[in-house]
Structures are given as C-alpha cells and as structure tokens.
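Everything on this sheet refers to the single structure shown next.
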Amino acid sequence: MSRAKKTALIAGATGVVGRNLVQHLDSREDWQVIALSRRTPDIEGLEQHISVDLLDPADCDKQLGGLNKVTHIFYAAYVERPGWHEMVEPNLRMLVNLVDAVEPVANGLQHINLMQGTKWYGNHLGPFKTPAKETDPPHMPPNFYYDQQRFIVKRQKDKTWTWSAARPHGVSGFAIGNPMNLVMVVAVYASISKALGLPLRHPGSRANAHALYQVTDSGLLARACTWMATEDKCANEPFNITNGDIFRWENLWPIFADYFEMKTAPAQKINLTRMMADKAPVWEAVARQYGLRKIPYTDLVRWEYGDFVFTPEYDIISSMTKARQFGFTEVIDSQDMFLRQFDELREHKIIP
Ligand SMILES: NC(=O)c1ccc[n+]([C@@H]2O[C@H](COP(=O)([O-])OP(=O)(O)OC[C@H]3O[C@@H](n4cnc5c(N)ncnc54)[C@H](OP(=O)(O)O)[C@@H]3O)[C@@H](O)[C@H]2O)c1
C-alpha cells in the first residue's frame, strides 16, 4: 500500500474505541485525521472534527459528501438499543449512510476497517467454543456485526479498496463520558466501596471470578487497526484483537485492593445496575473531597455493562493466533494495563 500521507475518516470519535484511534493516528506524521461523531471529542490538538448524525442520510450527504481525500475509513460508531434485534437496523443504517456518502467521492479510498467484538462468537448468549477463532461458524442471528460485514463484503466486490475487521473484547482505556469502559467500571466501583468503608469484593459470582477472561487495551486496539488497514496481507480478513493474555478476576482484585489501599473479601454477586443506582451522592462527595473533574455520575459508568462483564460463569477467550501469524505481535499484560490506566485516570483527576 502507498507510503504517501493517508487520510483517516474515523467514525465514533467520542467512543472509547474511536477516541483512542483518533489520538493514535493524529500523533503520527503520515496520517491526517477527520474525526466524526455528534459530540465534539475532548482531544487536545485535534484539527478536524465533523459533527454529523450518521442515522440521518441527508446530514451525511451534506457533511461528508465532499470528503474526496479520504483513503481509509475506520468505523467505530455504535448505537445501543434494549434488544439485540433492535440494534441491527440503526447500526447497519449508520454504516450504510457513511459509506454511501463517502465511498463514491473518495477516489483514492484504500480501505474500510470495521469494529466488531467477541459478540461475533456469541459470548453474550452463553458458553461458546473457546478459544474462539475467526473461522468459527456464526451463531444464530440477529447480530448487527454480521449485517455490517455482509454489506461491506458486497460493496467491496470489483472495487480496488479492501476491508478488515477487528474483534476486541472488554475494551479498556482513557475516555471521558463513555460508560462502556472496563477500567472505569472497576475504578469507580472500588472508589465507592472504599468511601462506604467496604472491602473490595468481586461483584460477580465465584464462578464468574474463576472463569478465564480477556480484555483489550484501547491503545493496542488502535495500533492493531492501523496495522490491519495498511498491511496488504490483511485485505478482506477479520482478526481477533486482545491483549494476548488471559486472567481470572479472582487474581486481580487483591492487586486492585492494594492499589486503592483497601482490604479484600470473598466475591459477592450483586446487581450493579440496581445497587449502584443510588450512589451518585457518594461519588459526588468523593469528587469534592479529592477535587475531581465534574463528570455526571450517569456518564461515568454504565453499570449494565458491569453486570454484562461480571455475570458469565464460563470462559471468554479469543484465539490471537491468526493476528500473530499475519504479523501483529504486540502483547500487553492485562494486570499492568489496569494499573497504568488507574494512574492515568488519577493524573487527569477522574478518580481519587
Ligand atoms: N467498549 C467495549 O468494551 C467494546 C468491546 C468489544 C467491541 N466493541 C465494539 O466497538 C464499537 C465501538 O464501541 P465503543 O465502546 O467505542 O462505543 P461508545 O463508547 O458507545 O461510542 C460510540 C460512538 O458512536 C458515536 N455515535 C453513536 N450514534 C451516532 C450517530 N447517530 N451519529 C454519529 N455518531 C454516533 C458516538 O458519538 P456521539 O454520541 O458523540 O455521536 C460515539 O463516538 C462497537 O461496535 C462495539 O460493539 C466495544
């Protein structure tokens, strides 16, 4: 692929995934970045952001129809709906609207990278085959990733551009106001437990604490997406992308307790959505005491996401063999990742 300066159009720029991709590519000499989202991302030095509603085809045409210099599209926009079947239509529509507006005018388009996840394999449905491989057959739909990939595969036929897809799990990284962010779930839960004088307990069952789990650092994910979007071998291929290690939550809580200077106690399953619903005043008192940035409690953490992580009593493991064989060899120790990200959140006055 060409070594000339590339132009990345990144959809989902305020999300935990997209924000870190924007920061990564924006820091590189050989990339120009155009960030897309409705809200403006809080990223220092970002030169080009377009506020667009991807659900609105007229807005997409108006705002994006002139982006003829785009060489790479990174698609990390996402809309949540209560039911999995209800997610298909809007998530497909946003991708279609973007591609319909940009692809016909971007004559130098080289690549479209899709953001998927381990839900491709049905980890949200119950126990599934592990380690999950990219060649595993799909589960019973609906699954909006399938619809999005089908659309891109069809659209790519007879075109010079190629596509790829990343399948991360439990993305964790620095992002403000993005509730689907694992490090925030852990850090805010620990800080509230401490403020209430409680020991740090795993909030899932003992079986959940013991099951094998995996996560993806948002910086590693950004580097992996850049790699697959620019490496010829990766054309038209999906890749699992995780830190490359696996862990059991039961072994991490004592480390987290040390970090937050707390005692530990055995796991106790709670419904975080219900139990944390009335904890805004506790958090606000913590924020005042430590002079933290004012972020509304509801924007800090989506506790439903915490319940999603701390409920399964089965292993969640994706095989990283394919990415390694194709040349992406970066690994991150997940325990180190959490501790580094806690430090980063502290430095930015997000957590005590
Ligand atoms: N977070 C994880 O742990 C994780 C794990 C595996 C896979 N994934 C996948 O990664 C993808 C991105 O997830 P995420 O966690 O980064 O999501 P997120 O934090 O909720 O971000 C979603 C992004 O989409 C944008 N967006 C939503 N509706 C939009 C609209 N109508 N027009 C324009 N932009 C819109 C949002 O921006 P505005 O609201 O500012 O418009 C935001 O930038 C999803 O496919 C998700 O399934 C995430």
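So you can find residues: chains in the structure tokens are A, B, ... in the order shown, residues in each start at 1, and ligands are numbered from 1 in order.
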
May I have a table of the residues of segment 259-312 of chain A lying at most 12 Å from segment 123-135 of chain A, giving each one's closest pair of atoms and their distance in Å to one decimal, counting only C-alpha atoms, ordered by chain and ascending residue number, as a tab-separated table?
```
residue	atom	partner	partner_atom	distance
A:Tyr305	CA	A:His124	CA	11.5
A:Asp307	CA	A:His124	CA	11.6
A:Phe308	CA	A:His124	CA	8.0
A:Val309	CA	A:His124	CA	9.5
A:Phe310	CA	A:His124	CA	11.8
A:Thr311	CA	A:His124	CA	10.0
A:Pro312	CA	A:Gly126	CA	7.3
```

Only N, CA and C atoms, please: the residues just picked out, written as a PDB file, in the first residue's frame.
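Output saved as result_9.pdb:
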```
ATOM      1  N   TYR A 305     -23.259  -2.468  31.869  1.00  0.00           N
ATOM      2  CA  TYR A 305     -22.069  -3.036  31.227  1.00  0.00           C
ATOM      3  C   TYR A 305     -21.256  -3.832  32.263  1.00  0.00           C
ATOM      4  N   ASP A 307     -22.513  -5.377  34.818  1.00  0.00           N
ATOM      5  CA  ASP A 307     -23.243  -6.640  35.011  1.00  0.00           C
ATOM      6  C   ASP A 307     -22.973  -7.613  33.864  1.00  0.00           C
ATOM      7  N   PHE A 308     -22.841  -7.050  32.658  1.00  0.00           N
ATOM      8  CA  PHE A 308     -22.567  -7.886  31.479  1.00  0.00           C
ATOM      9  C   PHE A 308     -21.215  -8.594  31.642  1.00  0.00           C
ATOM     10  N   VAL A 309     -20.240  -7.874  32.213  1.00  0.00           N
ATOM     11  CA  VAL A 309     -18.887  -8.438  32.378  1.00  0.00           C
ATOM     12  C   VAL A 309     -18.853  -9.430  33.546  1.00  0.00           C
ATOM     13  N   PHE A 310     -19.577  -9.100  34.634  1.00  0.00           N
ATOM     14  CA  PHE A 310     -19.426  -9.885  35.867  1.00  0.00           C
ATOM     15  C   PHE A 310     -20.539 -10.924  36.053  1.00  0.00           C
ATOM     16  N   THR A 311     -21.223 -11.320  34.975  1.00  0.00           N
ATOM     17  CA  THR A 311     -22.262 -12.346  35.077  1.00  0.00           C
ATOM     18  C   THR A 311     -21.859 -13.706  34.502  1.00  0.00           C
ATOM     19  N   PRO A 312     -21.220 -13.779  33.322  1.00  0.00           N
ATOM     20  CA  PRO A 312     -20.972 -15.108  32.728  1.00  0.00           C
ATOM     21  C   PRO A 312     -20.129 -16.013  33.634  1.00  0.00           C
TER      22      PRO A 312
END
```

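Residues in contact range of His139 of chain A, defined as at most 10 Å between only C-alpha atoms, with sequence neighbours fewer than 2 positions away removed, read A:Lys119, A:Trp120, A:Tyr121, A:Gly122, A:Asn123, A:Leu125, A:Phe128, A:Asp136, A:Pro137, A:Pro141, A:Pro142, A:Asn143, A:Tyr146.
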
File of the preceding selection, C-alpha atoms, as a PDB file, in the first residue's frame:
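Result saved to again37.pdb:
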```pdb
ATOM      1  CA  LYS A 119     -20.034 -10.983  20.454  1.00  0.00           C
ATOM      2  CA  TRP A 120     -19.368 -12.147  16.879  1.00  0.00           C
ATOM      3  CA  TYR A 121     -18.937 -15.585  18.511  1.00  0.00           C
ATOM      4  CA  GLY A 122     -21.984 -15.231  20.800  1.00  0.00           C
ATOM      5  CA  ASN A 123     -20.264 -14.662  24.156  1.00  0.00           C
ATOM      6  CA  LEU A 125     -25.612 -15.710  24.574  1.00  0.00           C
ATOM      7  CA  PHE A 128     -19.330 -20.785  23.404  1.00  0.00           C
ATOM      8  CA  ASP A 136     -15.756 -20.439  13.621  1.00  0.00           C
ATOM      9  CA  PRO A 137     -19.274 -20.542  12.150  1.00  0.00           C
ATOM     10  CA  PRO A 141     -28.639 -14.189  14.243  1.00  0.00           C
ATOM     11  CA  PRO A 142     -29.543 -11.394  14.916  1.00  0.00           C
ATOM     12  CA  ASN A 143     -26.096  -9.896  15.252  1.00  0.00           C
ATOM     13  CA  TYR A 146     -22.989  -9.907  10.519  1.00  0.00           C
TER      14      TYR A 146
END
```

Using DSSP secondary structure from the backbone, list all alpha helix (DSSP H) positions within segment 12-103 of chain A, as a PyMOL selection string. chain A and resi 16-26+57-64+84-102

Resulting file, chosen residues, C-alpha atoms, as a PDB file, in the first residue's frame:
```pdb
ATOM      1  CA  VAL A  16     -13.721   4.507  23.953  1.00  0.00           C
ATOM      2  CA  VAL A  17     -12.578   2.735  20.773  1.00  0.00           C
ATOM      3  CA  GLY A  18     -12.715   5.636  18.269  1.00  0.00           C
ATOM      4  CA  ARG A  19     -11.244   8.271  20.590  1.00  0.00           C
ATOM      5  CA  ASN A  20      -8.062   6.280  21.091  1.00  0.00           C
ATOM      6  CA  LEU A  21      -7.779   5.599  17.369  1.00  0.00           C
ATOM      7  CA  VAL A  22      -8.124   9.334  16.667  1.00  0.00           C
ATOM      8  CA  GLN A  23      -5.378  10.091  19.200  1.00  0.00           C
ATOM      9  CA  HIS A  24      -3.091   7.399  17.824  1.00  0.00           C
ATOM     10  CA  LEU A  25      -3.343   8.405  14.163  1.00  0.00           C
ATOM     11  CA  ASP A  26      -3.389  12.132  14.929  1.00  0.00           C
ATOM     12  CA  PRO A  57     -28.690  10.217   5.363  1.00  0.00           C
ATOM     13  CA  ALA A  58     -29.297  13.871   4.400  1.00  0.00           C
ATOM     14  CA  ASP A  59     -26.927  15.071   7.142  1.00  0.00           C
ATOM     15  CA  CYS A  60     -24.324  12.503   5.980  1.00  0.00           C
ATOM     16  CA  ASP A  61     -24.592  13.698   2.354  1.00  0.00           C
ATOM     17  CA  LYS A  62     -24.330  17.326   3.416  1.00  0.00           C
ATOM     18  CA  GLN A  63     -21.435  16.943   5.859  1.00  0.00           C
ATOM     19  CA  LEU A  64     -19.490  14.076   4.318  1.00  0.00           C
ATOM     20  CA  TRP A  84     -30.120  -7.331  20.233  1.00  0.00           C
ATOM     21  CA  HIS A  85     -32.574  -7.493  17.277  1.00  0.00           C
ATOM     22  CA  GLU A  86     -33.324  -3.765  17.699  1.00  0.00           C
ATOM     23  CA  MET A  87     -29.615  -2.988  17.310  1.00  0.00           C
ATOM     24  CA  VAL A  88     -29.414  -4.317  13.752  1.00  0.00           C
ATOM     25  CA  GLU A  89     -31.335  -1.623  11.870  1.00  0.00           C
ATOM     26  CA  PRO A  90     -29.721   1.538  13.322  1.00  0.00           C
ATOM     27  CA  ASN A  91     -26.203   0.086  13.426  1.00  0.00           C
ATOM     28  CA  LEU A  92     -26.444  -1.055   9.816  1.00  0.00           C
ATOM     29  CA  ARG A  93     -28.047   2.230   8.729  1.00  0.00           C
ATOM     30  CA  MET A  94     -25.246   4.355  10.230  1.00  0.00           C
ATOM     31  CA  LEU A  95     -22.578   2.394   8.341  1.00  0.00           C
ATOM     32  CA  VAL A  96     -24.561   2.431   5.076  1.00  0.00           C
ATOM     33  CA  ASN A  97     -25.188   6.196   5.319  1.00  0.00           C
ATOM     34  CA  LEU A  98     -21.491   6.888   5.871  1.00  0.00           C
ATOM     35  CA  VAL A  99     -20.298   4.617   3.055  1.00  0.00           C
ATOM     36  CA  ASP A 100     -22.997   5.899   0.662  1.00  0.00           C
ATOM     37  CA  ALA A 101     -21.855   9.475   1.290  1.00  0.00           C
ATOM     38  CA  VAL A 102     -18.073   8.990   1.143  1.00  0.00           C
TER      39      VAL A 102
END
```

All strand (DSSP E) residues (DSSP, backbone) inside segment 125-313 of chain A, as a VMD selection string: chain A and resid 162 to 167 171 to 172 212 to 213 216 to 217 237 to 240 247 to 248

Create the file for the chosen residues now, containing C-alpha atoms and written as a CSV table (one decimal), in the first residue's frame.
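The new file part.csv reads:
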```csv
chain,number,residue,atom,x,y,z
A,162,THR,CA,-10.2,-3.6,0.7
A,163,TRP,CA,-11.7,-4.2,4.2
A,164,SER,CA,-10.8,-5.7,7.5
A,165,ALA,CA,-12.5,-6.2,10.8
A,166,ALA,CA,-11.2,-6.1,14.4
A,167,ARG,CA,-12.8,-8.3,17.1
A,171,VAL,CA,-12.0,-2.5,25.7
A,172,SER,CA,-10.3,-0.5,28.4
A,212,LEU,CA,-10.9,-17.2,32.3
A,213,TYR,CA,-11.3,-13.7,30.8
A,216,THR,CA,-8.2,-5.3,25.1
A,217,ASP,CA,-6.2,-2.1,25.8
A,237,GLU,CA,-9.8,-10.5,6.7
A,238,PRO,CA,-11.2,-10.3,10.3
A,239,PHE,CA,-8.9,-10.5,13.3
A,240,ASN,CA,-9.4,-11.2,17.0
A,247,PHE,CA,-6.7,-13.9,33.5
A,248,ARG,CA,-9.1,-14.8,36.3
```

Using 7 Å as the limit and counting only C-alpha atoms and all ligand atoms, can you tabulate each residue of chain A that touches ligand 1, with its shortest atom-to-atom distance in Å and the two atoms involved, as JSON lines?
```
{"residue": "A:Ala11", "atom": "CA", "partner": "ligand 1", "partner_atom_place_in_ligand_line": "34 (N)", "distance": 6.5}
{"residue": "A:Gly12", "atom": "CA", "partner": "ligand 1", "partner_atom_place_in_ligand_line": "43 (O)", "distance": 3.2}
{"residue": "A:Ala13", "atom": "CA", "partner": "ligand 1", "partner_atom_place_in_ligand_line": "43 (O)", "distance": 4.4}
{"residue": "A:Thr14", "atom": "CA", "partner": "ligand 1", "partner_atom_place_in_ligand_line": "43 (O)", "distance": 3.6}
{"residue": "A:Gly15", "atom": "CA", "partner": "ligand 1", "partner_atom_place_in_ligand_line": "21 (O)", "distance": 3.2}
{"residue": "A:Val16", "atom": "CA", "partner": "ligand 1", "partner_atom_place_in_ligand_line": "16 (O)", "distance": 4.1}
{"residue": "A:Val17", "atom": "CA", "partner": "ligand 1", "partner_atom_place_in_ligand_line": "16 (O)", "distance": 3.8}
{"residue": "A:Gly18", "atom": "CA", "partner": "ligand 1", "partner_atom_place_in_ligand_line": "16 (O)", "distance": 5.7}
{"residue": "A:Leu36", "atom": "CA", "partner": "ligand 1", "partner_atom_place_in_ligand_line": "34 (N)", "distance": 6.5}
{"residue": "A:Ser37", "atom": "CA", "partner": "ligand 1", "partner_atom_place_in_ligand_line": "34 (N)", "distance": 3.9}
{"residue": "A:Arg38", "atom": "CA", "partner": "ligand 1", "partner_atom_place_in_ligand_line": "41 (O)", "distance": 3.5}
{"residue": "A:Arg39", "atom": "CA", "partner": "ligand 1", "partner_atom_place_in_ligand_line": "40 (O)", "distance": 3.6}
{"residue": "A:Thr40", "atom": "CA", "partner": "ligand 1", "partner_atom_place_in_ligand_line": "40 (O)", "distance": 6.5}
{"residue": "A:Val52", "atom": "CA", "partner": "ligand 1", "partner_atom_place_in_ligand_line": "33 (C)", "distance": 5.5}
{"residue": "A:Asp53", "atom": "CA", "partner": "ligand 1", "partner_atom_place_in_ligand_line": "32 (N)", "distance": 3.6}
{"residue": "A:Leu54", "atom": "CA", "partner": "ligand 1", "partner_atom_place_in_ligand_line": "32 (N)", "distance": 3.8}
{"residue": "A:Leu55", "atom": "CA", "partner": "ligand 1", "partner_atom_place_in_ligand_line": "31 (N)", "distance": 4.7}
{"residue": "A:Ala76", "atom": "CA", "partner": "ligand 1", "partner_atom_place_in_ligand_line": "12 (C)", "distance": 4.5}
{"residue": "A:Ala77", "atom": "CA", "partner": "ligand 1", "partner_atom_place_in_ligand_line": "24 (O)", "distance": 3.3}
{"residue": "A:Tyr78", "atom": "CA", "partner": "ligand 1", "partner_atom_place_in_ligand_line": "24 (O)", "distance": 4.2}
{"residue": "A:Val79", "atom": "CA", "partner": "ligand 1", "partner_atom_place_in_ligand_line": "27 (C)", "distance": 4.9}
{"residue": "A:Met94", "atom": "CA", "partner": "ligand 1", "partner_atom_place_in_ligand_line": "31 (N)", "distance": 6.8}
{"residue": "A:Met115", "atom": "CA", "partner": "ligand 1", "partner_atom_place_in_ligand_line": "10 (O)", "distance": 5.2}
{"residue": "A:Gln116", "atom": "CA", "partner": "ligand 1", "partner_atom_place_in_ligand_line": "45 (O)", "distance": 5.1}
{"residue": "A:Gly117", "atom": "CA", "partner": "ligand 1", "partner_atom_place_in_ligand_line": "7 (C)", "distance": 3.8}
{"residue": "A:Thr118", "atom": "CA", "partner": "ligand 1", "partner_atom_place_in_ligand_line": "6 (C)", "distance": 6.3}
{"residue": "A:Arg167", "atom": "CA", "partner": "ligand 1", "partner_atom_place_in_ligand_line": "7 (C)", "distance": 6.4}
{"residue": "A:Pro168", "atom": "CA", "partner": "ligand 1", "partner_atom_place_in_ligand_line": "6 (C)", "distance": 4.8}
{"residue": "A:His169", "atom": "CA", "partner": "ligand 1", "partner_atom_place_in_ligand_line": "6 (C)", "distance": 4.3}
{"residue": "A:Gly170", "atom": "CA", "partner": "ligand 1", "partner_atom_place_in_ligand_line": "3 (O)", "distance": 3.8}
{"residue": "A:Val171", "atom": "CA", "partner": "ligand 1", "partner_atom_place_in_ligand_line": "3 (O)", "distance": 3.6}
{"residue": "A:Ser172", "atom": "CA", "partner": "ligand 1", "partner_atom_place_in_ligand_line": "3 (O)", "distance": 6.5}
{"residue": "A:Asn178", "atom": "CA", "partner": "ligand 1", "partner_atom_place_in_ligand_line": "19 (O)", "distance": 4.8}
{"residue": "A:Pro179", "atom": "CA", "partner": "ligand 1", "partner_atom_place_in_ligand_line": "19 (O)", "distance": 6.8}
{"residue": "A:Met180", "atom": "CA", "partner": "ligand 1", "partner_atom_place_in_ligand_line": "1 (N)", "distance": 4.9}
{"residue": "A:Asn181", "atom": "CA", "partner": "ligand 1", "partner_atom_place_in_ligand_line": "1 (N)", "distance": 5.5}
{"residue": "A:Leu182", "atom": "CA", "partner": "ligand 1", "partner_atom_place_in_ligand_line": "3 (O)", "distance": 6.6}
```

Using only C-alpha atoms, pick whichever of A:Phe174, A:Phe144, A:Phe74, A:Tyr297 has the shortest atom-to-atom distance to Asp42 of chain A. A:Phe174

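Excluding Lys269 of chain A and any residue on its chain fewer than 3 positions from it, the residues at most 7 Å away by only C-alpha atoms are Pro203, Gly204 and Ser205 of chain A.
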
Deliver the residues from the most recent selection as a file, using C-alpha atoms, as a PDB file, in the first residue's frame.
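out-v9.pdb written:
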```pdb
ATOM      1  CA  PRO A 203     -19.180  -8.131  42.322  1.00  0.00           C
ATOM      2  CA  GLY A 204     -19.929 -11.351  40.371  1.00  0.00           C
ATOM      3  CA  SER A 205     -20.325 -14.964  41.481  1.00  0.00           C
TER       4      SER A 205
END
```

Between A:Gly65, A:Pro199, A:Gly177, A:Gly306, which is the closest to Asn271 of chain A once you count only C-alpha atoms? A:Gly306

Among the residues A:Ala211, A:Ile246, A:Ile112, A:Ile241, the one that comes closest to Asp333 of chain A [using only C-alpha atoms]: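 So, comparing all the options, the nearest one is A:Ile246.
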
To one decimal in Å, tell me the separation between atom CA of Ile317 of chain A and atom CA of Gln214 of chain A.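 According to the coordinates, atom CA of Ile317 of chain A and atom CA of Gln214 of chain A are separated by 6.2 Å.
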
Gly327 of chain A proximity check over A:Ala222, A:Cys234, A:Leu109, A:Leu292, using only C-alpha atoms: winner is A:Cys234
